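K.L.:
So here's coords.cif, just mmCIF, C-alpha atoms:
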data_structure
loop_
_atom_site.group_PDB
_atom_site.id
_atom_site.type_symbol
_atom_site.label_atom_id
_atom_site.label_comp_id
_atom_site.auth_asym_id
_atom_site.auth_seq_id
_atom_site.Cartn_x
_atom_site.Cartn_y
_atom_site.Cartn_z
ATOM 1 C CA MET A 1 -3.559 -72.658 26.892
ATOM 2 C CA TYR A 2 -6.741 -74.429 25.727
ATOM 3 C CA TYR A 3 -8.385 -71.096 24.857
ATOM 4 C CA LEU A 4 -5.376 -70.138 22.730
ATOM 5 C CA GLU A 5 -5.527 -73.478 20.881
ATOM 6 C CA ARG A 6 -9.195 -72.885 20.114
ATOM 7 C CA ILE A 7 -8.477 -69.397 18.760
ATOM 8 C CA CYS A 8 -5.695 -70.774 16.565
ATOM 9 C CA LEU A 9 -7.998 -73.510 15.264
ATOM 10 C CA THR A 10 -10.701 -70.930 14.509
ATOM 11 C CA LEU A 11 -8.219 -68.726 12.679
ATOM 12 C CA LYS A 12 -6.931 -71.703 10.734
ATOM 13 C CA ILE A 13 -10.451 -72.639 9.648
ATOM 14 C CA THR A 14 -11.427 -69.117 8.605
ATOM 15 C CA LYS A 15 -8.177 -68.463 6.749
ATOM 16 C CA MET A 16 -8.451 -71.640 4.730
ATOM 17 C CA GLU A 17 -9.681 -70.948 1.205
ATOM 18 C CA ASN A 18 -13.120 -72.189 0.185
ATOM 19 C CA ASP A 19 -11.740 -74.470 -2.529
ATOM 20 C CA LYS A 20 -9.440 -76.176 -0.018
ATOM 21 C CA LYS A 21 -12.312 -76.559 2.448
ATOM 22 C CA MET A 22 -14.470 -78.074 -0.286
ATOM 23 C CA ILE A 23 -11.744 -80.551 -1.249
ATOM 24 C CA ALA A 24 -11.146 -81.516 2.384
ATOM 25 C CA TYR A 25 -14.875 -82.017 2.932
ATOM 26 C CA LEU A 26 -15.165 -84.182 -0.191
ATOM 27 C CA GLU A 27 -12.212 -86.255 1.024
ATOM 28 C CA HIS A 28 -13.949 -86.651 4.379
ATOM 29 C CA LEU A 29 -17.086 -87.880 2.586
ATOM 30 C CA GLU A 30 -14.914 -90.105 0.364
ATOM 31 C CA THR A 31 -16.677 -88.969 -2.786
ATOM 32 C CA ASN A 32 -16.151 -86.691 -5.782
ATOM 33 C CA LEU A 33 -17.721 -83.648 -7.355
ATOM 34 C CA TYR A 34 -17.249 -83.039 -11.074
ATOM 35 C CA THR A 35 -17.957 -79.864 -13.016
ATOM 36 C CA ASN A 36 -16.350 -80.676 -16.369
ATOM 37 C CA TYR A 37 -18.745 -82.318 -18.801
ATOM 38 C CA THR A 38 -16.007 -84.731 -19.907
ATOM 39 C CA ASP A 39 -16.103 -86.209 -16.377
ATOM 40 C CA GLN A 40 -19.881 -86.635 -16.295
ATOM 41 C CA ASP A 41 -19.621 -90.391 -16.850
ATOM 42 C CA ASN A 42 -17.528 -90.704 -13.670
ATOM 43 C CA ALA A 43 -20.419 -89.480 -11.528
ATOM 44 C CA SER A 44 -23.363 -91.465 -10.189
ATOM 45 C CA PHE A 45 -25.669 -88.429 -10.010
ATOM 46 C CA TRP A 46 -25.981 -85.669 -12.613
ATOM 47 C CA ILE A 47 -27.300 -82.108 -12.516
ATOM 48 C CA TYR A 48 -27.261 -80.218 -15.788
ATOM 49 C CA ARG A 49 -29.081 -77.707 -18.008
ATOM 50 C CA GLU A 50 -31.321 -78.543 -20.925
ATOM 51 C CA GLU A 51 -33.374 -76.405 -23.229
ATOM 52 C CA THR A 52 -36.994 -77.076 -24.099
ATOM 53 C CA VAL A 53 -38.157 -77.151 -27.691
ATOM 54 C CA ASP A 54 -39.552 -73.640 -27.307
ATOM 55 C CA GLY A 55 -36.334 -72.204 -25.865
ATOM 56 C CA TYR A 56 -36.853 -72.335 -22.103
ATOM 57 C CA GLU A 57 -34.007 -73.389 -19.878
ATOM 58 C CA VAL A 58 -34.747 -76.222 -17.446
ATOM 59 C CA PHE A 59 -32.554 -78.230 -15.129
ATOM 60 C CA VAL A 60 -32.292 -81.989 -14.901
ATOM 61 C CA ALA A 61 -31.240 -83.912 -11.792
ATOM 62 C CA GLN A 62 -31.006 -87.664 -12.183
ATOM 63 C CA TYR A 63 -28.996 -90.761 -11.361
ATOM 64 C CA ALA A 64 -26.585 -91.786 -14.082
ATOM 65 C CA THR A 65 -28.294 -95.162 -14.273
ATOM 66 C CA ASP A 66 -31.706 -93.639 -15.028
ATOM 67 C CA LYS A 67 -32.623 -94.484 -18.585
ATOM 68 C CA ASN A 68 -35.468 -91.953 -18.818
ATOM 69 C CA ILE A 69 -35.980 -88.384 -17.688
ATOM 70 C CA TRP A 70 -39.275 -88.014 -15.836
ATOM 71 C CA VAL A 71 -40.612 -84.467 -15.965
ATOM 72 C CA THR A 72 -42.351 -84.822 -12.598
ATOM 73 C CA GLU A 73 -39.260 -86.242 -10.849
ATOM 74 C CA ASN A 74 -36.136 -85.034 -12.642
ATOM 75 C CA VAL A 75 -36.878 -81.660 -14.243
ATOM 76 C CA TYR A 76 -36.699 -78.349 -12.394
ATOM 77 C CA TYR A 77 -37.609 -74.894 -13.604
ATOM 78 C CA TYR A 78 -35.598 -73.091 -10.905
ATOM 79 C CA ASP A 79 -32.029 -73.802 -9.859
ATOM 80 C CA HIS A 80 -32.181 -72.453 -6.290
ATOM 81 C CA GLU A 81 -32.539 -75.891 -4.652
ATOM 82 C CA PHE A 82 -29.541 -77.513 -6.303
ATOM 83 C CA CYS A 83 -27.038 -76.530 -3.666
ATOM 84 C CA ASP A 84 -28.979 -78.514 -1.064
ATOM 85 C CA LEU A 85 -29.416 -81.389 -3.498
ATOM 86 C CA VAL A 86 -25.681 -81.539 -4.240
ATOM 87 C CA VAL A 87 -24.843 -81.646 -0.524
ATOM 88 C CA GLU A 88 -27.526 -84.274 0.123
ATOM 89 C CA LYS A 89 -26.276 -86.570 -2.648
ATOM 90 C CA LEU A 90 -22.640 -86.175 -1.630
ATOM 91 C CA GLN A 91 -23.502 -86.981 1.992
ATOM 92 C CA GLU A 92 -25.336 -90.074 0.742
ATOM 93 C CA GLY A 93 -22.061 -91.174 -0.865
ATOM 94 C CA GLU A 94 -22.941 -90.357 -4.460
ATOM 95 C CA SER A 95 -20.383 -88.811 -6.760
ATOM 96 C CA VAL A 96 -21.975 -85.779 -8.383
ATOM 97 C CA TYR A 97 -21.600 -84.065 -11.733
ATOM 98 C CA ILE A 98 -22.964 -80.523 -11.816
ATOM 99 C CA ASP A 99 -22.696 -78.273 -14.841
ATOM 100 C CA ASP A 100 -19.890 -75.764 -14.229
ATOM 101 C CA ASP A 101 -22.170 -72.761 -14.728
ATOM 102 C CA LEU A 102 -24.648 -74.190 -12.225
ATOM 103 C CA PHE A 103 -21.783 -74.869 -9.831
ATOM 104 C CA GLN A 104 -20.939 -71.158 -9.962
ATOM 105 C CA ASP A 105 -24.528 -69.845 -10.065
ATOM 106 C CA CYS A 106 -25.623 -71.927 -7.073
ATOM 107 C CA TYR A 107 -22.531 -71.152 -4.976
ATOM 108 C CA VAL A 108 -21.813 -74.832 -4.412
ATOM 109 C CA GLU A 109 -18.191 -74.237 -3.409
ATOM 110 C CA GLU A 110 -19.251 -71.789 -0.719
ATOM 111 C CA ARG A 111 -21.918 -74.164 0.577
ATOM 112 C CA LEU A 112 -19.457 -77.050 0.779
ATOM 113 C CA ALA A 113 -17.007 -74.757 2.575
ATOM 114 C CA ASP A 114 -19.773 -74.030 5.092
ATOM 115 C CA GLU A 115 -20.389 -77.770 5.479
ATOM 116 C CA TYR A 116 -16.660 -78.175 6.125
ATOM 117 C CA ASP A 117 -16.794 -75.505 8.843
ATOM 118 C CA GLU A 118 -19.753 -77.227 10.509
ATOM 119 C CA TRP A 119 -17.942 -80.566 10.356
ATOM 120 C CA GLN A 120 -14.842 -79.016 11.967
ATOM 121 C CA GLU A 121 -16.964 -77.443 14.704
ATOM 122 C CA GLU A 122 -18.534 -80.839 15.415
ATOM 123 C CA LEU A 123 -15.082 -82.421 15.624
ATOM 124 C CA GLU A 124 -13.943 -79.706 18.001
ATOM 125 C CA ALA A 125 -17.025 -80.176 20.195
ATOM 126 C CA GLU A 126 -16.400 -83.936 20.308
ATOM 127 C CA LYS A 127 -12.769 -83.302 21.246
ATOM 128 C CA GLU A 128 -13.861 -80.972 24.046
ATOM 129 C CA LEU A 129 -16.205 -83.639 25.405
ATOM 130 C CA ARG A 130 -13.455 -86.265 25.333
ATOM 131 C CA ASP A 131 -11.037 -83.875 27.046
ATOM 132 C CA GLU A 132 -13.555 -83.236 29.831
ATOM 133 C CA ASP A 133 -13.766 -86.951 30.624
#
Using structure tokens, write down the structure from this file.

P.N.:
Amino acid sequence: MYYLERICLTLKITKMENDKKMIAYLEHLETNLYTNYTDQDNASFWIYREETVDGYEVFVAQYATDKNIWVTENVYYYDHEFCDLVVEKLQEGESVYIDDDLFQDCYVEERLADEYDEWQEELEAEKELRDED
């Protein structure tokens, strides 16, 4: 019977859509993720695109309370690390605004769905330990 329950739980997790997993994970963390620029002021941490004076695209990651943008601390040339940064800030309890295009380009939804799966596996492992006792 236990084996069947585990299979059903696994099927339930894999059949759940990524957007639902992301929402459930955000609820678990008790924080929010915003992708609409009109909601940027609701977030405590921002990730967005800017353009340099000579036309290069750069990315800015900063706390909403930061008054200045520091090139050495807040400006990125590549966007490949933002998925990790979003997860890190959310796990720290920050609400995050990320530009919608960056959200799509960096596969944030998929990464948060993976985080959800890991969280569920941890819960299942804890349950198994409790059941053994």

K.L.:
Would you please work out which residue, of A:Val96, A:Ala64, A:Val53, A:Leu90, is nearest to Tyr25 of chain A when using all atoms listed in the file?

P.N.:
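Distance minimum relative to Tyr25 of chain A lands on A:Leu90.
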
K.L.:
For Phe45 of chain A, please output as a PyMOL selection string all residues within 10 Å (counting all atoms listed in the file; exclusion window: fewer than 3 positions along the same chain).

P.N.:
chain A and resi 33+40-42+61-66+86+89-90+94-98

K.L.:
Starting from the displayed file, determine the output of the PyMOL selection byres ((chain A and resi 82-84) around 10) and express the residue list as number ranges by chain.

P.N.:
A: 47, 59, 61, 76, 78-81, 85-90, 98, 102-103, 105-112

K.L.:
Convert the output of the PyMOL selection byres ((chain A and resi 117) around 10) on the shown file into explicit residues, formatted as a list in words.

P.N.:
Thr10, Ile13, Thr14, Asn18, Lys21, Met22, Tyr25, Arg111, Leu112, Ala113, Asp114, Glu115, Tyr116, Glu118, Trp119, Gln120, Glu121, Glu122 and Leu123 of chain A

K.L.:
Tell me, in Å to one decimal, how far atom CA of Tyr37 of chain A is from atom CA of Asp100 of chain A.

P.N.:
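For atom CA of Tyr37 of chain A relative to atom CA of Asp100 of chain A, the distance reads 8.1 Å.
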
K.L.:
Could you please determine the separation between atom CA of Val60 of chain A and atom CA of Val75 of chain A in Å, to one decimal place?

P.N.:
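For atom CA of Val60 of chain A relative to atom CA of Val75 of chain A, the distance reads 4.6 Å.
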
K.L.:
Provide the atom CA of Trp70 of chain A to atom CA of Leu26 of chain A distance in Å, to one decimal place.

P.N.:
29.0 Å

K.L.:
Given the choices A:Glu124, A:Asp39, A:Glu30, A:Glu73, which gets closest to Glu92 of chain A if the distance is worked out from all atoms listed in the file?

P.N.:
A:Glu30
